[in-house]
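Trainee: A single structure is presented below for examination.
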Amino acid sequence: MVKKQKVKISKLERRNYKWIYLFLLPSLLIFLIFYLQPIITVFYTSLTKWDGFNTPVFIGLKNYMDMFTNDAFRISLKNILLWSLIAGTLHVGFGVLVAFILYHKPKGWKFTRAVFMVPNVISAAAWAMIYRFIFNDDMGILNNIIRKINPDFHIQWFYESPYAFWAVTFTWLFYAVIVTLIVLNDLMAIPEELTEAAKVDGATGWQITRMIHLPLCRNAIGTGVICSITSRVAMYEQIALTTAGGPGDDTMNLPIILVKAIQDMKYGYANANGVIMFILGLIILAIVNRVFKMNESVY
Amino acid sequence: MEKMKKKIIKIFMYTVMIFTIIVSVFPIIWVIMSAFKTNAQILSSPFSLPTSIKFDAFVYIFEKYNFVQYFINSALICVVSTAASLVIFAMGGYVIAKFRFPGKSLIFALFTITLLVPAQSKAQPLFSLVMKLNLYDNIWGVTLVYLSMGLAMSMFILKSTFMAIPKSLDEAATLDGAGFFTIFWKINFPLAKSGLATAGILMFLNNWNEYFYASLLTSSDKNRTLPLALQFFTESFSYDYTKLFAALTIVVLPGILLYVCAQEQVQASVAASGVKG
């Protein structure tokens, strides 16, 4: 009896196959056209010299060799490493700190949470532009404040080495609302009884935070670290609209090099850059997963 | 002693909160205020409130630039791409959540692994694709690329949404003679409202603010989106700060207003985006 019913259901299901695959088709097409085909193209043509019109000429690893001997690329890697470290520590740390503060629901916590989101609903392009004005020597608010104390102060934050790197860093450093929201979400899901039980056992507020709350939102923090580091690898507007990679190559990043290579019709070289971005993403994911033991359940 | 400690913690908490509020809104308030000042006031007294509310700079910008056009472009691109991809991904997420069929886990794995592909790394092939389709410098070319952007995240969200809708509803409808499409469109789609809103808000926000592909795939003024427009007026009135600030205000304001209307949902959506981990 039971067996018969099982067969019957799967027959019914099989009758649905036509519909099922029809429903999947649009998503599959998007995957094939906008993900699989581009990724294959990127990997294959990164081994060629190609201007987009003539057939790609296979040149082995030459694009990669060129890249690793190129100063702009080497500085980009150094920048990504430093920016990733800052993102993974200070940036995420600030987001987590705000989450823990808001979790205790001080007066005005909802307002703070709502306002913290505002820089993220504005385009990164506009935000970069706002910082270009803030750091402007002439009318920028920062230098005007400093000049109240030291009237002779003049620094072009985005155009002078070594300030440019830190000016670019500042445009995203404190805007960690995504980390805050993800962590806060996990914190609020922690059963009340756990905290209560710890209190009964005589744990102090700081002990509860450190020994119970912090480990329980490990996955959320890990996700936050991945999100913020991968967006450093892909950071484009914050650089293109402020320093454009300068002064010299001080604030270079892979997407800036990639766009320039496309404009110069060096498609093979552009795609070698794409491959490196892709691999960097995977490395970051692997490291963070390891550090935060993200695949293990927290409870 | 204990009281003292509590006080210090309280002071620390409020200091961090006030700092957060200042870094988040002060730059925007400064920009909006400066749009109402003269050049001389911007330079001499950056903190003061504007002495009079004059909309001259705004009028000038609306006359000189196609801001209405940029806004329409942004809105069209975002609404069409978000709505279309929402329906497409909902169909995919629905069958993955509710049916068994060969290749199911492979397909879901492929869809979600796309989360790891940095959008810019595919720039050249997508650029060539749009060129080949003759959609370069056309808002529909941008729309097409945006259509694909939320694939992984939307699949995560929508799959779990549809899984939470009880199967008994589908079975009851089948008994009443409803077909496959009716069950999806009339029963499951409306019940998936919360997941659809989450995925839709995340995609809309991304598309509304997207800059990289918009700048790569368009060139002429009439196809510009709002985020893209910024780059061009810094070049055209480099020392006319009032107008620069006015232009920046115009670009930033629609997004903020939208957010104010739907802030609870936007925050919930962003928080939910982390659950995928």
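Please note that chains go A, B, ... in the order of the structure tokens, that every chain numbers its residues from 1, and that ligands are numbered from 1 in the order shown.
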Name all residues at most 6 Å from segment 142-157 of chain B (count only C-alpha atoms; drop same-chain ones fewer than 6 positions away) and give them as a ChimeraX atom specification.

Mentor: /A:30 /B:77,81,85,93,111-112,114-115,199,203

Trainee: Give me, as a PyMOL selection string, all polymer residues having an atom no more than 12 Å from Phe158 of chain A, counting only C-alpha atoms and skipping those fewer than 4 positions away in the same chain.

Mentor: chain A and resi 128-129+131-137+140+162-171+238-248+250-251

Trainee: Generate a file of the selected residues that holds C-alpha atoms, formatted as a PDB file, in the first residue's frame.

Mentor:
ATOM      1  CA  ALA A 128      32.766  59.277  -2.804  1.00  0.00           C
ATOM      2  CA  MET A 129      31.877  62.682  -4.212  1.00  0.00           C
ATOM      3  CA  TYR A 131      34.119  62.916   0.642  1.00  0.00           C
ATOM      4  CA  ARG A 132      35.903  64.594  -2.212  1.00  0.00           C
ATOM      5  CA  PHE A 133      34.308  67.823  -1.017  1.00  0.00           C
ATOM      6  CA  ILE A 134      34.920  67.145   2.665  1.00  0.00           C
ATOM      7  CA  PHE A 135      38.624  66.574   1.997  1.00  0.00           C
ATOM      8  CA  ASN A 136      38.892  69.445  -0.493  1.00  0.00           C
ATOM      9  CA  ASP A 137      41.560  71.916   0.608  1.00  0.00           C
ATOM     10  CA  GLY A 140      36.374  71.228   2.427  1.00  0.00           C
ATOM     11  CA  PRO A 162      50.866  59.295   1.688  1.00  0.00           C
ATOM     12  CA  TYR A 163      47.524  60.874   2.691  1.00  0.00           C
ATOM     13  CA  ALA A 164      45.566  59.662  -0.350  1.00  0.00           C
ATOM     14  CA  PHE A 165      45.551  56.034   0.767  1.00  0.00           C
ATOM     15  CA  TRP A 166      44.146  56.968   4.170  1.00  0.00           C
ATOM     16  CA  ALA A 167      41.642  59.412   2.713  1.00  0.00           C
ATOM     17  CA  VAL A 168      40.245  56.628   0.522  1.00  0.00           C
ATOM     18  CA  THR A 169      40.220  54.310   3.546  1.00  0.00           C
ATOM     19  CA  PHE A 170      38.270  56.863   5.549  1.00  0.00           C
ATOM     20  CA  THR A 171      35.467  56.987   2.943  1.00  0.00           C
ATOM     21  CA  GLN A 238      35.422  55.233  -3.998  1.00  0.00           C
ATOM     22  CA  ILE A 239      38.658  55.313  -5.985  1.00  0.00           C
ATOM     23  CA  ALA A 240      37.559  56.167  -9.524  1.00  0.00           C
ATOM     24  CA  LEU A 241      35.712  59.282  -8.370  1.00  0.00           C
ATOM     25  CA  THR A 242      38.322  60.517  -5.879  1.00  0.00           C
ATOM     26  CA  THR A 243      41.939  59.725  -6.696  1.00  0.00           C
ATOM     27  CA  ALA A 244      41.526  57.585  -9.847  1.00  0.00           C
ATOM     28  CA  GLY A 245      44.317  55.423  -8.451  1.00  0.00           C
ATOM     29  CA  GLY A 246      46.787  58.231  -7.822  1.00  0.00           C
ATOM     30  CA  PRO A 247      48.916  59.968  -6.757  1.00  0.00           C
ATOM     31  CA  GLY A 248      51.313  57.776  -8.699  1.00  0.00           C
ATOM     32  CA  ASP A 250      49.198  54.929  -4.405  1.00  0.00           C
ATOM     33  CA  THR A 251      45.509  53.984  -4.358  1.00  0.00           C
TER      34      THR A 251
END

Trainee: Please report, as number ranges by chain, each residue of segment 76-177 of chain B to which DSSP assigns alpha helix (DSSP H) when run on this structure's backbone.

Mentor: B: 76-98, 104-113, 123-132, 139-147, 151-163, 167-175

Trainee: Limited to C-alpha atoms, could you put the picked residues into a file as a PDB file, in the first residue's frame?

Mentor:
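Written output follows (part23.pdb):
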ATOM      1  CA  LEU B  76      13.042  52.594 -15.544  1.00  0.00           C
ATOM      2  CA  ILE B  77      16.190  50.484 -15.400  1.00  0.00           C
ATOM      3  CA  CYS B  78      15.670  49.608 -11.739  1.00  0.00           C
ATOM      4  CA  VAL B  79      11.966  48.897 -11.818  1.00  0.00           C
ATOM      5  CA  VAL B  80      12.105  46.768 -14.968  1.00  0.00           C
ATOM      6  CA  SER B  81      15.203  44.791 -14.023  1.00  0.00           C
ATOM      7  CA  THR B  82      14.110  44.243 -10.420  1.00  0.00           C
ATOM      8  CA  ALA B  83      10.555  43.222 -11.328  1.00  0.00           C
ATOM      9  CA  ALA B  84      11.643  40.905 -14.141  1.00  0.00           C
ATOM     10  CA  SER B  85      14.371  39.201 -12.158  1.00  0.00           C
ATOM     11  CA  LEU B  86      12.056  38.835  -9.180  1.00  0.00           C
ATOM     12  CA  VAL B  87       9.538  36.876 -11.263  1.00  0.00           C
ATOM     13  CA  ILE B  88      12.274  34.821 -12.940  1.00  0.00           C
ATOM     14  CA  PHE B  89      14.061  33.944  -9.704  1.00  0.00           C
ATOM     15  CA  ALA B  90      10.755  33.286  -7.942  1.00  0.00           C
ATOM     16  CA  MET B  91       9.876  30.697 -10.607  1.00  0.00           C
ATOM     17  CA  GLY B  92      13.277  29.071 -10.186  1.00  0.00           C
ATOM     18  CA  GLY B  93      13.249  29.241  -6.399  1.00  0.00           C
ATOM     19  CA  TYR B  94       9.724  27.838  -6.310  1.00  0.00           C
ATOM     20  CA  VAL B  95      10.441  24.635  -8.224  1.00  0.00           C
ATOM     21  CA  ILE B  96      13.727  24.122  -6.362  1.00  0.00           C
ATOM     22  CA  ALA B  97      11.936  24.524  -3.023  1.00  0.00           C
ATOM     23  CA  LYS B  98       8.895  22.357  -3.742  1.00  0.00           C
ATOM     24  CA  LYS B 104      18.083  19.770  -8.620  1.00  0.00           C
ATOM     25  CA  SER B 105      20.935  20.017  -6.125  1.00  0.00           C
ATOM     26  CA  LEU B 106      23.498  20.661  -8.868  1.00  0.00           C
ATOM     27  CA  ILE B 107      21.435  23.523 -10.270  1.00  0.00           C
ATOM     28  CA  PHE B 108      20.903  25.087  -6.859  1.00  0.00           C
ATOM     29  CA  ALA B 109      24.621  24.777  -6.087  1.00  0.00           C
ATOM     30  CA  LEU B 110      25.536  26.420  -9.404  1.00  0.00           C
ATOM     31  CA  PHE B 111      23.099  29.283  -8.831  1.00  0.00           C
ATOM     32  CA  THR B 112      24.312  30.034  -5.343  1.00  0.00           C
ATOM     33  CA  ILE B 113      28.030  29.677  -6.051  1.00  0.00           C
ATOM     34  CA  ALA B 123      33.351  43.142 -17.222  1.00  0.00           C
ATOM     35  CA  GLN B 124      34.949  42.363 -20.581  1.00  0.00           C
ATOM     36  CA  PRO B 125      32.688  39.469 -21.670  1.00  0.00           C
ATOM     37  CA  LEU B 126      29.546  41.362 -20.595  1.00  0.00           C
ATOM     38  CA  PHE B 127      30.773  44.494 -22.354  1.00  0.00           C
ATOM     39  CA  SER B 128      31.329  42.475 -25.547  1.00  0.00           C
ATOM     40  CA  LEU B 129      27.954  40.771 -25.174  1.00  0.00           C
ATOM     41  CA  VAL B 130      26.115  44.095 -24.910  1.00  0.00           C
ATOM     42  CA  MET B 131      28.098  45.383 -27.915  1.00  0.00           C
ATOM     43  CA  LYS B 132      27.141  42.307 -29.945  1.00  0.00           C
ATOM     44  CA  ILE B 139      19.364  51.800 -21.093  1.00  0.00           C
ATOM     45  CA  TRP B 140      18.082  48.332 -22.012  1.00  0.00           C
ATOM     46  CA  GLY B 141      21.633  47.040 -22.220  1.00  0.00           C
ATOM     47  CA  VAL B 142      22.182  48.158 -18.627  1.00  0.00           C
ATOM     48  CA  THR B 143      18.818  46.665 -17.637  1.00  0.00           C
ATOM     49  CA  LEU B 144      19.804  43.334 -19.152  1.00  0.00           C
ATOM     50  CA  VAL B 145      23.027  43.158 -17.155  1.00  0.00           C
ATOM     51  CA  TYR B 146      21.266  44.202 -13.930  1.00  0.00           C
ATOM     52  CA  LEU B 147      18.750  41.413 -14.486  1.00  0.00           C
ATOM     53  CA  LEU B 151      20.826  35.539  -8.783  1.00  0.00           C
ATOM     54  CA  ALA B 152      22.533  33.880  -5.801  1.00  0.00           C
ATOM     55  CA  MET B 153      21.117  36.048  -3.033  1.00  0.00           C
ATOM     56  CA  SER B 154      17.557  35.883  -4.402  1.00  0.00           C
ATOM     57  CA  MET B 155      17.716  32.099  -4.781  1.00  0.00           C
ATOM     58  CA  PHE B 156      18.775  31.722  -1.140  1.00  0.00           C
ATOM     59  CA  ILE B 157      15.990  33.969   0.084  1.00  0.00           C
ATOM     60  CA  LEU B 158      13.203  32.793  -2.230  1.00  0.00           C
ATOM     61  CA  LYS B 159      13.932  29.078  -1.870  1.00  0.00           C
ATOM     62  CA  SER B 160      13.554  29.253   1.904  1.00  0.00           C
ATOM     63  CA  THR B 161      10.453  31.428   1.563  1.00  0.00           C
ATOM     64  CA  PHE B 162       8.685  28.933  -0.693  1.00  0.00           C
ATOM     65  CA  MET B 163       9.783  26.031   1.502  1.00  0.00           C
ATOM     66  CA  LYS B 167       2.458  21.841   0.743  1.00  0.00           C
ATOM     67  CA  SER B 168      -1.071  21.002   1.874  1.00  0.00           C
ATOM     68  CA  LEU B 169      -2.252  24.205   0.213  1.00  0.00           C
ATOM     69  CA  ASP B 170      -0.878  23.020  -3.148  1.00  0.00           C
ATOM     70  CA  GLU B 171      -2.456  19.593  -2.695  1.00  0.00           C
ATOM     71  CA  ALA B 172      -5.844  21.083  -1.872  1.00  0.00           C
ATOM     72  CA  ALA B 173      -5.650  23.261  -4.961  1.00  0.00           C
ATOM     73  CA  THR B 174      -4.689  20.274  -7.119  1.00  0.00           C
ATOM     74  CA  LEU B 175      -7.781  18.466  -5.901  1.00  0.00           C
TER      75      LEU B 175
END

Trainee: Between A:Asn289, A:Thr223, A:Met211, A:Ile283, which has the minimum distance to chain B (counting only C-alpha atoms)?

Mentor: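 Of all the options, A:Thr223 lies closest to chain B.
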
Trainee: Could you name the residues that touch Leu285 of chain A at 12 Å or less, counting only C-alpha atoms, but leaving out those on the same chain fewer than 2 positions away, as a PyMOL selection string?

Mentor: (chain A and resi 222-230+278-283+287-295) or (chain B and resi 113+115-117+277)

Trainee: Grab the atom CA of Phe233 of chain B to atom CA of Ile122 of chain A distance for me, in Å with one decimal place.

Mentor: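 Distance between the two atoms: 17.9 Å.
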
Trainee: As a PyMOL selection string, please: the residues near segment 261-269 of chain B (cut-off 7 Å, only C-alpha atoms, same-chain neighbours under 2 positions excluded).

Mentor: (chain A and resi 114) or (chain B and resi 198+201-202+257-259+271-273)

Trainee: Leaving out segment 5-21 of chain B and any residue of its chain fewer than 4 positions from it, which residues lie within 10 Å of it when counting only C-alpha atoms, given as a list of chain:residue names?

Mentor: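 Close residues of segment 5-21 of chain B: A:Phe94, A:Gly95, A:Leu97, A:Val98, A:Phe100, A:Ile101, A:Leu102, A:His104, A:Pro106, A:Lys107, A:Gly108, A:Trp109, A:Phe111, A:Thr112, A:Arg113, A:Ala114, A:Val115, A:Phe116, A:Met117, A:Val118, A:Phe174, A:Tyr175, A:Ala176, A:Val177, B:Met1, B:Val25, B:Phe26.
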
Trainee: Could you tell me how far atom CA of Phe189 of chain B sits from atom CA of Met188 of chain A, in Å to one decimal place?

Mentor: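 Spanning atom CA of Met188 of chain A to atom CA of Phe189 of chain B is a straight-line distance of 28.9 Å.
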
Trainee: Smallest atom-to-atom distance to chain B: which of A:Ile262, A:Leu194, A:Leu187, A:Ile86, using only C-alpha atoms?

Mentor: A:Ile262

Trainee: Looking at only C-alpha atoms, which of A:Leu24, A:Ala189, A:Ala198, A:Leu82 is the one that sits closest to chain B?

Mentor: A:Leu24

Trainee: Quick one: everything within 12 Å of Met67 of chain A, counting only C-alpha atoms, minus sequence neighbours fewer than 3 positions away in the same chain. Send it as a PyMOL selection string.

Mentor: chain A and resi 46+61-64+70-77+254+257-258+261+268-276
